[in-house]
>>> print(open('my_file.cif').read())   # mmCIF, C-alpha atoms
data_start
#
loop_
_atom_site.label_atom_id
_atom_site.label_comp_id
_atom_site.auth_asym_id
_atom_site.auth_seq_id
_atom_site.Cartn_x
_atom_site.Cartn_y
_atom_site.Cartn_z
CA MET A 202 0.00 0.00 0.00
CA ALA A 203 1.27 3.41 -0.95
CA MET A 204 2.03 5.49 2.14
CA ASN A 205 3.38 8.60 0.52
CA PRO A 206 1.72 11.59 2.23
CA MET A 207 2.59 13.78 -0.74
CA GLU A 208 0.81 11.53 -3.18
CA GLN A 209 -2.46 13.39 -2.61
CA PHE A 210 -0.98 16.45 -4.33
CA ALA A 211 -0.06 14.61 -7.53
CA ILE A 212 -1.71 15.99 -10.64
CA LYS A 213 -3.18 13.23 -12.75
CA PRO A 214 -4.56 13.80 -16.22
CA ILE A 215 -8.17 12.75 -16.73
CA VAL A 216 -8.52 13.75 -20.38
CA PRO A 217 -5.01 13.85 -21.89
CA LEU A 218 -4.53 16.75 -24.29
CA GLN A 219 -1.39 17.88 -26.01
CA LEU A 220 -1.11 21.07 -28.04
CA PRO A 221 0.42 20.53 -31.50
CA ALA A 222 4.12 21.35 -31.74
CA SER A 223 3.35 24.45 -33.82
CA TRP A 224 1.46 25.83 -30.78
CA GLY A 225 4.31 25.09 -28.42
CA GLY A 226 3.52 21.45 -27.69
CA TYR A 227 2.30 22.19 -24.14
CA ASP A 228 0.50 19.60 -22.08
CA VAL A 229 -2.99 21.03 -21.52
CA SER A 230 -4.64 17.87 -20.19
CA PHE A 231 -7.83 18.16 -18.19
CA THR A 232 -6.53 17.00 -14.80
CA ASN A 233 -7.95 16.27 -11.36
CA GLN A 234 -6.88 19.82 -10.59
CA SER A 235 -8.99 21.24 -13.44
CA LEU A 236 -11.92 19.04 -12.45
CA LEU A 237 -11.89 20.32 -8.87
CA MET A 238 -11.60 23.93 -10.01
CA VAL A 239 -14.63 23.46 -12.27
CA LEU A 240 -16.52 21.79 -9.42
CA VAL A 241 -15.62 24.62 -7.05
CA ALA A 242 -16.79 27.23 -9.53
CA ILE A 243 -20.05 25.40 -10.21
CA ALA A 244 -20.72 24.72 -6.53
CA ALA A 245 -20.05 28.32 -5.53
CA SER A 246 -22.26 29.73 -8.29
CA LEU A 247 -25.06 27.26 -7.61
CA PHE A 248 -24.93 27.84 -3.87
CA LEU A 249 -25.06 31.62 -4.15
CA THR A 250 -27.77 31.75 -6.84
CA LEU A 251 -30.00 29.02 -5.39
CA ALA A 252 -29.65 30.24 -1.81
CA THR A 253 -30.68 33.78 -2.70
CA SER A 254 -33.26 32.89 -5.37
CA LYS A 255 -36.23 33.03 -2.98
CA LYS A 256 -35.31 36.42 -1.49
CA SER A 257 -37.50 35.73 1.53
CA LEU A 258 -37.65 38.37 4.22
CA VAL A 259 -37.01 35.77 6.90
CA PRO A 260 -34.06 33.97 5.33
CA SER A 261 -33.72 30.22 5.22
CA ARG A 262 -30.52 28.67 6.51
CA ALA A 263 -28.87 28.64 3.08
CA GLN A 264 -29.99 32.16 2.28
CA SER A 265 -28.65 33.53 5.53
CA MET A 266 -25.32 31.80 4.87
CA ALA A 267 -25.09 33.47 1.47
CA GLU A 268 -26.11 36.81 2.96
CA MET A 269 -23.61 36.42 5.78
CA SER A 270 -20.75 35.81 3.37
CA TYR A 271 -21.80 38.89 1.41
CA GLU A 272 -21.99 41.03 4.52
CA PHE A 273 -18.74 39.64 5.85
CA VAL A 274 -16.84 40.68 2.73
CA ILE A 275 -18.54 44.05 2.39
CA ASN A 276 -17.85 44.92 6.04
CA MET A 277 -14.24 43.90 5.59
CA MET A 278 -13.94 46.09 2.49
CA GLN A 279 -15.62 49.07 4.11
CA SER A 280 -13.22 48.99 7.03
CA SER A 281 -10.07 48.41 4.97
CA THR A 282 -10.57 50.20 1.64
CA GLY A 283 -13.29 52.74 2.40
CA GLU A 284 -16.32 53.53 0.26
CA ASP A 285 -14.51 54.06 -3.04
CA GLY A 286 -12.92 50.64 -2.77
CA LEU A 287 -16.33 49.03 -2.95
CA ARG A 288 -16.26 49.00 -6.75
CA PHE A 289 -13.79 46.15 -6.35
CA PHE A 290 -16.31 44.20 -4.31
CA PRO A 291 -17.10 41.67 -7.09
CA PHE A 292 -13.40 40.98 -7.54
CA VAL A 293 -12.64 40.50 -3.85
CA PHE A 294 -15.83 38.54 -3.23
CA THR A 295 -15.06 36.17 -6.12
CA ILE A 296 -11.54 35.57 -4.85
CA PHE A 297 -12.76 35.03 -1.30
CA ILE A 298 -15.49 32.58 -2.31
CA PHE A 299 -13.22 30.72 -4.72
CA VAL A 300 -10.46 30.25 -2.14
CA LEU A 301 -12.97 29.40 0.58
CA PHE A 302 -14.73 26.77 -1.53
CA SER A 303 -11.44 25.34 -2.78
CA ASN A 304 -10.20 24.98 0.79
CA PHE A 305 -13.42 23.37 1.96
CA PHE A 306 -13.61 21.04 -1.05
CA GLY A 307 -10.08 19.96 -0.20
CA MET A 308 -11.32 18.92 3.26
CA ILE A 309 -13.54 16.22 1.72
CA PRO A 310 -11.61 12.97 2.12
CA GLY A 311 -10.34 11.63 -1.18
CA SER A 312 -10.75 14.90 -3.04
CA PHE A 313 -8.04 17.26 -4.18
CA THR A 314 -6.99 20.61 -2.73
CA VAL A 315 -6.73 23.15 -5.53
CA THR A 316 -5.12 25.74 -3.27
CA SER A 317 -2.27 23.39 -2.32
CA GLN A 318 -0.80 24.01 -5.77
CA ILE A 319 1.53 26.99 -5.94
CA ALA A 320 0.55 27.48 -9.58
CA VAL A 321 -3.03 28.26 -8.53
CA THR A 322 -2.23 30.48 -5.57
CA PHE A 323 0.47 32.35 -7.46
CA SER A 324 -1.89 32.97 -10.38
CA LEU A 325 -4.47 34.38 -7.98
CA ALA A 326 -1.85 36.54 -6.26
CA SER A 327 -0.50 37.78 -9.60
CA LEU A 328 -4.03 38.71 -10.62
CA VAL A 329 -4.38 40.70 -7.40
CA ILE A 330 -1.07 42.51 -7.85
CA LEU A 331 -1.76 43.28 -11.52
CA THR A 332 -5.12 44.74 -10.51
CA VAL A 333 -3.39 46.84 -7.88
CA ILE A 334 -0.78 48.12 -10.34
CA VAL A 335 -3.32 48.90 -13.07
CA THR A 336 -5.66 50.61 -10.58
CA GLY A 337 -2.79 52.64 -9.18
CA PHE A 338 -1.67 53.87 -12.59
CA ILE A 339 -5.24 54.65 -13.72
CA LYS A 340 -6.04 56.54 -10.52
CA HIS A 341 -2.76 58.41 -10.01
CA GLY A 342 -0.92 58.18 -13.33
CA LEU A 343 2.83 58.27 -12.85
CA GLY A 344 2.18 59.57 -9.34
CA PHE A 345 1.63 55.95 -8.39
CA LEU A 346 5.41 55.55 -8.46
CA LYS A 347 5.53 57.74 -5.34
CA LEU A 348 4.58 54.55 -3.54
CA PHE A 349 8.22 53.54 -3.93
CA VAL A 350 9.65 56.84 -2.67
CA PRO A 351 9.61 57.12 1.13
CA LYS A 352 10.30 60.43 2.85
CA ALA A 353 14.08 60.53 3.15
CA PRO A 354 17.09 62.57 2.00
CA TRP A 355 18.00 61.99 -1.65
CA TYR A 356 21.24 60.11 -0.98
CA LEU A 357 19.29 57.51 1.02
CA LEU A 358 16.71 57.20 -1.74
CA ILE A 359 19.33 55.53 -3.94
CA LEU A 360 19.18 52.66 -1.45
CA LEU A 361 15.58 52.95 -0.32
CA VAL A 362 13.84 53.00 -3.70
CA PRO A 363 15.19 49.60 -4.80
CA ILE A 364 14.33 48.23 -1.37
CA GLU A 365 10.77 49.51 -1.65
CA VAL A 366 10.45 48.10 -5.18
CA ILE A 367 11.69 44.69 -4.03
CA SER A 368 9.39 44.89 -1.03
CA PHE A 369 6.43 45.59 -3.33
CA PHE A 370 7.20 42.62 -5.54
CA THR A 371 7.45 40.26 -2.56
CA ARG A 372 3.71 40.69 -2.10
CA PRO A 373 2.49 38.22 -4.71
CA ILE A 374 5.03 35.72 -3.39
CA SER A 375 4.23 36.04 0.29
CA LEU A 376 0.50 36.12 -0.53
CA SER A 377 0.63 32.93 -2.58
CA VAL A 378 3.14 31.09 -0.40
CA ARG A 379 1.09 31.71 2.72
CA LEU A 380 -2.05 30.08 1.30
CA PHE A 381 -0.19 27.29 -0.48
CA ALA A 382 2.05 26.42 2.48
CA ASN A 383 -0.84 26.35 4.94
CA MET A 384 -2.89 24.00 2.80
CA LEU A 385 0.08 21.82 1.92
CA ALA A 386 1.23 21.51 5.53
CA GLY A 387 -2.24 20.77 6.88
CA HIS A 388 -3.08 18.09 4.35
CA THR A 389 0.34 16.47 4.63
CA MET A 390 -0.09 16.30 8.39
CA LEU A 391 -3.50 14.66 7.98
CA ALA A 392 -2.08 12.10 5.56
CA VAL A 393 0.88 11.32 7.83
CA PHE A 394 -1.35 10.64 10.82
CA GLY A 395 -3.72 8.70 8.58
CA GLY A 396 -0.76 6.53 7.62
CA PHE A 397 -0.04 5.92 11.33
CA VAL A 398 -3.59 4.69 11.85
CA VAL A 399 -3.33 2.22 8.97
CA LEU A 400 0.12 0.97 9.98
CA LEU A 401 -0.77 0.53 13.68
CA GLY A 402 -4.16 -0.95 12.85
CA GLY A 403 -2.54 -3.59 10.68
CA ALA A 404 0.20 -4.40 13.21
CA GLY A 405 -2.01 -6.64 15.36
CA GLY A 406 -2.13 -7.16 19.14
CA VAL A 407 -1.86 -4.18 21.49
CA LEU A 408 -0.65 -2.00 18.63
CA THR A 409 -4.06 -2.20 16.97
CA LEU A 410 -5.60 -0.57 20.02
CA LEU A 411 -2.90 2.08 19.95
CA SER A 412 -4.08 3.17 16.51
CA LEU A 413 -6.95 4.95 18.26
CA ALA A 414 -4.50 7.63 19.46
CA PRO A 415 -3.56 9.01 16.01
CA MET A 416 -7.23 8.60 15.03
CA ALA A 417 -8.27 10.96 17.82
CA LEU A 418 -5.54 13.34 16.77
CA ILE A 419 -6.83 13.33 13.20
CA VAL A 420 -10.24 14.46 14.42
CA ALA A 421 -8.61 17.36 16.24
CA ILE A 422 -6.43 18.30 13.27
CA MET A 423 -9.44 18.06 10.98
CA LEU A 424 -11.22 20.68 13.10
CA LEU A 425 -8.13 22.86 13.08
CA GLU A 426 -7.88 22.49 9.31
CA LEU A 427 -11.49 23.62 8.90
CA LEU A 428 -10.56 26.77 10.81
CA VAL A 429 -7.41 27.21 8.71
CA ALA A 430 -9.44 26.75 5.51
CA PHE A 431 -11.64 29.70 6.45
CA LEU A 432 -8.84 31.76 7.96
CA GLN A 433 -6.62 31.52 4.89
CA ALA A 434 -9.44 32.52 2.56
CA TYR A 435 -10.04 35.49 4.86
CA VAL A 436 -6.35 36.43 4.99
CA PHE A 437 -6.11 36.26 1.21
CA ALA A 438 -9.15 38.51 0.81
CA ILE A 439 -8.14 41.07 3.44
CA LEU A 440 -4.62 41.38 2.06
CA THR A 441 -6.15 41.98 -1.37
CA CYS A 442 -8.17 44.78 0.21
CA ILE A 443 -5.14 46.25 1.95
CA TYR A 444 -3.12 46.29 -1.27
CA LEU A 445 -6.02 47.82 -3.19
CA ASN A 446 -6.36 50.43 -0.48
CA GLU A 447 -2.74 51.43 -0.92
CA ALA A 448 -3.24 51.80 -4.67
CA LEU A 449 -6.38 53.88 -4.16
CA HIS A 450 -5.14 56.13 -1.36
CA LEU A 451 -1.45 56.70 -1.87
CA HIS A 452 -1.02 59.38 0.77
CA ASP A 453 -2.01 57.42 3.85
CA ASN A 454 0.14 54.38 3.31
CA HIS A 455 2.88 53.40 5.79
CA MET B 37 -50.96 47.40 26.92
CA ALA B 38 -51.26 49.28 23.67
CA ALA B 39 -49.66 52.35 25.22
CA GLN B 40 -46.64 50.38 26.31
CA GLU B 41 -45.82 49.08 22.87
CA PRO B 42 -43.95 52.08 21.40
CA GLU B 43 -41.90 52.10 24.59
CA LYS B 44 -41.05 48.43 24.11
CA LEU B 45 -40.25 48.95 20.46
CA ARG B 46 -37.87 51.79 21.20
CA GLU B 47 -36.13 49.65 23.81
CA LEU B 48 -35.78 46.84 21.27
CA GLY B 49 -34.38 49.29 18.73
CA GLU B 50 -31.81 50.52 21.21
CA ARG B 51 -30.76 46.99 22.03
CA LEU B 52 -30.39 46.20 18.32
CA ASP B 53 -28.26 49.31 17.84
CA ASP B 54 -26.04 48.21 20.71
CA VAL B 55 -25.51 44.77 19.21
CA GLN B 56 -24.78 46.22 15.81
CA LYS B 57 -22.26 48.65 17.26
CA ARG B 58 -20.55 45.87 19.15
CA ASN B 59 -20.36 43.66 16.06
CA ALA B 60 -19.14 46.45 13.80
CA GLY B 61 -16.15 47.11 16.04
CA GLY B 62 -13.61 44.35 16.30
CA ALA B 63 -15.21 41.07 15.36
CA THR B 64 -13.89 41.09 11.81
CA ARG B 65 -10.30 39.91 12.22
CA PRO B 66 -9.62 36.75 14.21
CA PRO B 67 -6.48 36.97 16.36
CA PRO B 68 -3.38 35.52 14.68
CA THR B 69 -1.87 32.40 16.22
CA GLN B 70 1.80 32.17 17.24
CA LEU B 71 2.47 29.78 14.39
CA GLY B 72 0.73 32.12 11.98
CA ILE B 73 2.89 35.03 13.07
CA ALA B 74 6.08 32.98 12.83
CA SER B 75 5.29 31.65 9.38
CA ARG B 76 4.26 35.09 8.19
CA PHE B 77 7.61 36.62 9.22
CA ALA B 78 9.49 33.72 7.65
CA THR B 79 7.68 34.04 4.31
CA GLU B 80 8.12 37.81 4.26
CA LEU B 81 11.85 37.47 4.76
CA GLY B 82 12.30 34.55 2.38
CA ALA B 83 10.17 36.07 -0.37
CA ALA B 84 12.17 39.31 -0.27
CA LEU B 85 15.46 37.43 -0.65
CA LEU B 86 13.99 35.51 -3.56
CA VAL B 87 12.70 38.62 -5.31
CA GLY B 88 15.96 40.50 -4.69
CA GLY B 89 17.99 37.63 -6.12
CA ALA B 90 15.66 37.35 -9.10
CA PHE B 91 15.92 41.09 -9.80
CA GLY B 92 19.72 40.91 -9.69
CA TRP B 93 19.78 37.82 -11.89
CA GLY B 94 17.47 39.52 -14.37
CA LEU B 95 19.59 42.69 -14.49
CA ASP B 96 22.74 40.63 -15.01
CA TRP B 97 21.03 38.75 -17.81
CA LEU B 98 19.82 42.02 -19.36
CA PHE B 99 23.28 43.62 -19.28
CA GLY B 100 24.87 40.40 -20.50
CA HIS B 101 22.47 40.50 -23.41
CA PHE B 102 23.93 43.84 -24.44
CA GLY B 103 27.48 42.55 -24.08
CA ILE B 104 28.26 44.10 -20.69
CA HIS B 105 29.46 41.43 -18.29
CA THR B 106 28.22 42.38 -14.85
CA ARG B 107 27.51 38.90 -13.51
CA PRO B 108 27.60 38.37 -10.54
CA LEU B 109 27.68 42.04 -9.50
CA PHE B 110 23.93 42.77 -9.64
CA ILE B 111 22.99 39.43 -8.09
CA VAL B 112 25.21 40.21 -5.09
CA VAL B 113 23.97 43.79 -4.71
CA PHE B 114 20.29 42.92 -5.11
CA PHE B 115 20.51 39.92 -2.82
CA VAL B 116 21.70 42.26 -0.07
CA LEU B 117 18.98 44.77 -0.98
CA GLY B 118 16.50 41.89 -0.85
CA ALA B 119 17.66 41.07 2.66
CA ALA B 120 17.09 44.71 3.64
CA ALA B 121 13.65 44.67 2.03
CA GLY B 122 12.86 41.46 3.91
CA ILE B 123 13.76 43.04 7.23
CA ARG B 124 11.69 46.08 6.27
CA ASN B 125 8.75 43.78 5.51
CA VAL B 126 9.09 41.98 8.82
CA MET B 127 9.27 45.27 10.71
CA ARG B 128 6.18 46.50 8.89
CA ALA B 129 4.36 43.26 9.67
CA ALA B 130 5.37 43.53 13.32
CA ALA B 131 4.15 47.14 13.45
CA GLU B 132 0.80 46.04 11.99
CA LEU B 133 0.51 43.30 14.60
CA ASN B 134 1.33 45.71 17.40
CA ALA B 135 -1.25 48.19 16.16
CA GLU B 136 -3.80 45.40 16.01
CA ILE B 137 -3.04 44.24 19.53
CA ALA B 138 -3.23 47.83 20.77
CA ALA B 139 -6.60 48.30 19.07
CA HIS B 140 -8.15 45.06 20.34
CA PRO B 141 -6.22 43.93 23.41
CA ALA B 142 -6.74 40.35 24.51
CA PRO B 143 -8.55 40.35 27.89
CA SER B 144 -5.78 38.47 29.70
CA VAL B 145 -3.10 40.91 28.53
CA LYS B 146 -5.19 43.87 29.59
CA ASP B 147 -5.67 42.44 33.07
CA ASP B 148 -1.94 41.91 33.48
CA GLU B 149 -1.22 45.50 32.61
CA GLU B 150 -3.75 46.86 35.07
CA ASN B 151 -2.50 44.83 38.00
#
>>> encode(input="my_file.cif", output="structure tokens")
Amino acid sequence: MAMNPMEQFAIKPIVPLQLPASWGGYDVSFTNQSLLMVLVAIAASLFLTLATSKKSLVPSRAQSMAEMSYEFVINMMQSSTGEDGLRFFPFVFTIFIFVLFSNFFGMIPGSFTVTSQIAVTFSLASLVILTVIVTGFIKHGLGFLKLFVPKAPWYLLILLVPIEVISFFTRPISLSVRLFANMLAGHTMLAVFGGFVVLLGGAGGVLTLLSLAPMALIVAIMLLELLVAFLQAYVFAILTCIYLNEALHLHDNH
Amino acid sequence: MAAQEPEKLRELGERLDDVQKRNAGGATRPPPTQLGIASRFATELGAALLVGGAFGWGLDWLFGHFGIHTRPLFIVVFFVLGAAAGIRNVMRAAAELNAEIAAHPAPSVKDDEEN
């Protein structure tokens, strides 16, 4: 029996597809990763549309969940970006719901965690940073570059400007690594303890009874992972808001 | 009975306002865990080194493309700048955390300070 805790992150093609060599010859297979992303998108859209379709004054359980997620994100945006940041609400809400659903879908045993792939989280983070840069340049023109110029004498600026530029470009990396590392670590931990249960359970004698200990631990870690799944989606969304806020209101940053 | 109702309604309204005010305040951000803080600082620092190195590598490549051999000068310089940027990031993150703790002090911490 395969006991590799990293095996769960392997990407397996479901429908193999290869671009012709004239198009670069890339492997564009429909994989378990793609399948889960499609499922997440469908589930999120279905949940939000069906839950709010009745529009009853006294909300049902599903409707109040949908409304709560809406209010949660809009409150977060109001406190971190202010009123003029609210035009980015659809963007932030989509990211939040996508990450949240991906994380929760990953918690289903036997499924696949989309957000444990750095390619996914880095794409999301790049999208966020590109939005921030484009917004900044549209709103402030070249004045956006003042973001990289702290208040300091000119001879220090020679050092400080490159530092600020580097610091700015660490954002997509720290944003994506945080989500990816949390999901990867959590799911690896679950698989490792799951392996303990199987090994001890198959050992026979007193050791079989001992397998209950890692089992109990898995339950605890599972609960923790549910919290982490929500928390990381929240962190991703609020950092998006904070970065957008900086692009929108240059003056009051730092 | 009928006369009491507006009174009751106003009371209910006031109670609702109270709850809303309480919820609007601090409930949005859950407190970060120790592990979360540690991993955040580590990623900030590591990411800055990575970006600094990548910038230097890219500049070296760019200059090399035009026939000016700077390698490994820019990689060295930008790696050091990356380290500085990483420390700047960590300090900024720490300042944010401190501001957060000051804004919403944990009850146990507050008690310690008062005693």
>>> residues_around(input="my_file.cif", residues="Ala430 of chain A", least_positions_apart="4", cutoff="8 Å", atoms="only C-alpha atoms", output="ChimeraX atom specification")
/A:301,304-305,384,426,434
>>> closest_residue(input="my_file.cif", among="A:Leu251, A:Leu427, A:Leu361, A:Val399", to="Phe306 of chain A", atoms="all atoms listed in the file")
A:Leu427
>>> closest_residue(input="my_file.cif", among="B:Asn125, B:Gln56, B:Thr69, B:Thr106", to="chain A", atoms="all atoms listed in the file")
B:Asn125
>>> closest_atom_pairs(input="my_file.cif", of="chain A", to="chain B", cutoff="9 Å", atoms="all atoms listed in the file", output="tab-separated table")
residue	atom	partner	partner_atom	distance
A:Phe273	CA	B:Thr64	CA	7.8
A:Asn276	CA	B:Thr64	CA	8.0
A:Met277	CA	B:Thr64	CA	6.8
A:Leu360	CA	B:Leu117	CA	7.9
A:Leu361	CA	B:Ala121	CA	8.8
A:Pro363	CA	B:Leu117	CA	7.2
A:Ile364	CA	B:Ala121	CA	5.0
A:Glu365	CA	B:Ala121	CA	6.7
A:Val366	CA	B:Ala121	CA	8.6
A:Ile367	CA	B:Gly88	CA	6.0
A:Ser368	CA	B:Ala121	CA	5.2
A:Phe370	CA	B:Val87	CA	6.8
A:Thr371	CA	B:Ala84	CA	5.3
A:Arg372	CA	B:Ala83	CA	8.1
A:Ile374	CA	B:Ala83	CA	6.0
A:Ser375	CA	B:Thr79	CA	5.7
A:Leu376	CA	B:Thr79	CA	8.9
A:Val378	CA	B:Thr79	CA	7.2
A:Arg379	CA	B:Thr79	CA	7.2
A:Leu432	CA	B:Pro66	CA	8.0
A:Tyr435	CA	B:Arg65	CA	8.6
A:Val436	CA	B:Arg65	CA	8.9
A:His455	CA	B:Arg128	CA	8.3
>>> residues_around(input="my_file.cif", residues="segment 285-296 of chain A", least_positions_apart="3", cutoff="12 Å", atoms="only C-alpha atoms", output="PDB file with C-alpha atoms, in the coordinates of the input")
ATOM      1  CA  VAL A 241     -15.620  24.620  -7.050  1.00  0.00           C
ATOM      2  CA  ALA A 242     -16.790  27.230  -9.530  1.00  0.00           C
ATOM      3  CA  ALA A 245     -20.050  28.320  -5.530  1.00  0.00           C
ATOM      4  CA  SER A 246     -22.260  29.730  -8.290  1.00  0.00           C
ATOM      5  CA  LEU A 249     -25.060  31.620  -4.150  1.00  0.00           C
ATOM      6  CA  ALA A 267     -25.090  33.470   1.470  1.00  0.00           C
ATOM      7  CA  SER A 270     -20.750  35.810   3.370  1.00  0.00           C
ATOM      8  CA  TYR A 271     -21.800  38.890   1.410  1.00  0.00           C
ATOM      9  CA  GLU A 272     -21.990  41.030   4.520  1.00  0.00           C
ATOM     10  CA  PHE A 273     -18.740  39.640   5.850  1.00  0.00           C
ATOM     11  CA  VAL A 274     -16.840  40.680   2.730  1.00  0.00           C
ATOM     12  CA  ILE A 275     -18.540  44.050   2.390  1.00  0.00           C
ATOM     13  CA  ASN A 276     -17.850  44.920   6.040  1.00  0.00           C
ATOM     14  CA  MET A 277     -14.240  43.900   5.590  1.00  0.00           C
ATOM     15  CA  MET A 278     -13.940  46.090   2.490  1.00  0.00           C
ATOM     16  CA  GLN A 279     -15.620  49.070   4.110  1.00  0.00           C
ATOM     17  CA  SER A 280     -13.220  48.990   7.030  1.00  0.00           C
ATOM     18  CA  SER A 281     -10.070  48.410   4.970  1.00  0.00           C
ATOM     19  CA  THR A 282     -10.570  50.200   1.640  1.00  0.00           C
ATOM     20  CA  PHE A 299     -13.220  30.720  -4.720  1.00  0.00           C
ATOM     21  CA  VAL A 300     -10.460  30.250  -2.140  1.00  0.00           C
ATOM     22  CA  LEU A 301     -12.970  29.400   0.580  1.00  0.00           C
ATOM     23  CA  PHE A 302     -14.730  26.770  -1.530  1.00  0.00           C
ATOM     24  CA  SER A 303     -11.440  25.340  -2.780  1.00  0.00           C
ATOM     25  CA  THR A 316      -5.120  25.740  -3.270  1.00  0.00           C
ATOM     26  CA  VAL A 321      -3.030  28.260  -8.530  1.00  0.00           C
ATOM     27  CA  THR A 322      -2.230  30.480  -5.570  1.00  0.00           C
ATOM     28  CA  SER A 324      -1.890  32.970 -10.380  1.00  0.00           C
ATOM     29  CA  LEU A 325      -4.470  34.380  -7.980  1.00  0.00           C
ATOM     30  CA  ALA A 326      -1.850  36.540  -6.260  1.00  0.00           C
ATOM     31  CA  LEU A 328      -4.030  38.710 -10.620  1.00  0.00           C
ATOM     32  CA  VAL A 329      -4.380  40.700  -7.400  1.00  0.00           C
ATOM     33  CA  THR A 332      -5.120  44.740 -10.510  1.00  0.00           C
ATOM     34  CA  VAL A 333      -3.390  46.840  -7.880  1.00  0.00           C
ATOM     35  CA  THR A 336      -5.660  50.610 -10.580  1.00  0.00           C
ATOM     36  CA  LYS A 340      -6.040  56.540 -10.520  1.00  0.00           C
ATOM     37  CA  GLN A 433      -6.620  31.520   4.890  1.00  0.00           C
ATOM     38  CA  ALA A 434      -9.440  32.520   2.560  1.00  0.00           C
ATOM     39  CA  TYR A 435     -10.040  35.490   4.860  1.00  0.00           C
ATOM     40  CA  VAL A 436      -6.350  36.430   4.990  1.00  0.00           C
ATOM     41  CA  PHE A 437      -6.110  36.260   1.210  1.00  0.00           C
ATOM     42  CA  ALA A 438      -9.150  38.510   0.810  1.00  0.00           C
ATOM     43  CA  ILE A 439      -8.140  41.070   3.440  1.00  0.00           C
ATOM     44  CA  LEU A 440      -4.620  41.380   2.060  1.00  0.00           C
ATOM     45  CA  THR A 441      -6.150  41.980  -1.370  1.00  0.00           C
ATOM     46  CA  CYS A 442      -8.170  44.780   0.210  1.00  0.00           C
ATOM     47  CA  ILE A 443      -5.140  46.250   1.950  1.00  0.00           C
ATOM     48  CA  TYR A 444      -3.120  46.290  -1.270  1.00  0.00           C
ATOM     49  CA  LEU A 445      -6.020  47.820  -3.190  1.00  0.00           C
ATOM     50  CA  ASN A 446      -6.360  50.430  -0.480  1.00  0.00           C
ATOM     51  CA  GLU A 447      -2.740  51.430  -0.920  1.00  0.00           C
ATOM     52  CA  ALA A 448      -3.240  51.800  -4.670  1.00  0.00           C
ATOM     53  CA  LEU A 449      -6.380  53.880  -4.160  1.00  0.00           C
ATOM     54  CA  HIS A 450      -5.140  56.130  -1.360  1.00  0.00           C
TER      55      HIS A 450
END
>>> atom_distance(input="my_file.cif", atom1="atom CA of Ala130 of chain B", atom2="atom CA of Leu451 of chain A")
21.2 Å
>>> atom_distance(input="my_file.cif", atom1="atom CA of Met423 of chain A", atom2="atom CA of Asn233 of chain A")
22.5 Å
>>> closest_residue(input="my_file.cif", among="A:Ser377, A:Gly406, A:Ser257, A:Leu357", to="Ala320 of chain A", atoms="all atoms listed in the file")
A:Ser377
>>> residues_near_point(input="my_file.cif", point="(0.8, 13.5, -8.5)", cutoff="12 Å", atoms="all atoms listed in the file", output="list in words")
Asn205, Pro206, Met207, Glu208, Gln209, Phe210, Ala211, Ile212, Lys213, Pro214, Thr232, Asn233, Gln234, Phe313 and Gln318 of chain A
>>> write_last_selection(input="my_file.cif", atoms="C-alpha atoms", output="mmCIF file, in the coordinates of the input")
data_model
loop_
_atom_site.group_PDB
_atom_site.id
_atom_site.type_symbol
_atom_site.label_atom_id
_atom_site.label_comp_id
_atom_site.auth_asym_id
_atom_site.auth_seq_id
_atom_site.Cartn_x
_atom_site.Cartn_y
_atom_site.Cartn_z
ATOM 1 C CA ASN A 205 3.380 8.600 0.520
ATOM 2 C CA PRO A 206 1.720 11.590 2.230
ATOM 3 C CA MET A 207 2.590 13.780 -0.740
ATOM 4 C CA GLU A 208 0.810 11.530 -3.180
ATOM 5 C CA GLN A 209 -2.460 13.390 -2.610
ATOM 6 C CA PHE A 210 -0.980 16.450 -4.330
ATOM 7 C CA ALA A 211 -0.060 14.610 -7.530
ATOM 8 C CA ILE A 212 -1.710 15.990 -10.640
ATOM 9 C CA LYS A 213 -3.180 13.230 -12.750
ATOM 10 C CA PRO A 214 -4.560 13.800 -16.220
ATOM 11 C CA THR A 232 -6.530 17.000 -14.800
ATOM 12 C CA ASN A 233 -7.950 16.270 -11.360
ATOM 13 C CA GLN A 234 -6.880 19.820 -10.590
ATOM 14 C CA PHE A 313 -8.040 17.260 -4.180
ATOM 15 C CA GLN A 318 -0.800 24.010 -5.770
#
>>> residues_near_point(input="my_file.cif", point="(24.5, 35.3, -12.6)", cutoff="8 Å", atoms="all atoms listed in the file", output="list in words")
Gly92, Trp93, Asp96, Trp97, Arg107, Pro108 and Ile111 of chain B
>>> write_last_selection(input="my_file.cif", atoms="C-alpha atoms", output="PDB file, keeping the file's coordinate frame")
ATOM      1  CA  GLY B  92      19.720  40.910  -9.690  1.00  0.00           C
ATOM      2  CA  TRP B  93      19.780  37.820 -11.890  1.00  0.00           C
ATOM      3  CA  ASP B  96      22.740  40.630 -15.010  1.00  0.00           C
ATOM      4  CA  TRP B  97      21.030  38.750 -17.810  1.00  0.00           C
ATOM      5  CA  ARG B 107      27.510  38.900 -13.510  1.00  0.00           C
ATOM      6  CA  PRO B 108      27.600  38.370 -10.540  1.00  0.00           C
ATOM      7  CA  ILE B 111      22.990  39.430  -8.090  1.00  0.00           C
TER       8      ILE B 111
END
>>> atom_distance(input="my_file.cif", atom1="atom CA of Met127 of chain B", atom2="atom CA of Leu380 of chain A")
21.2 Å
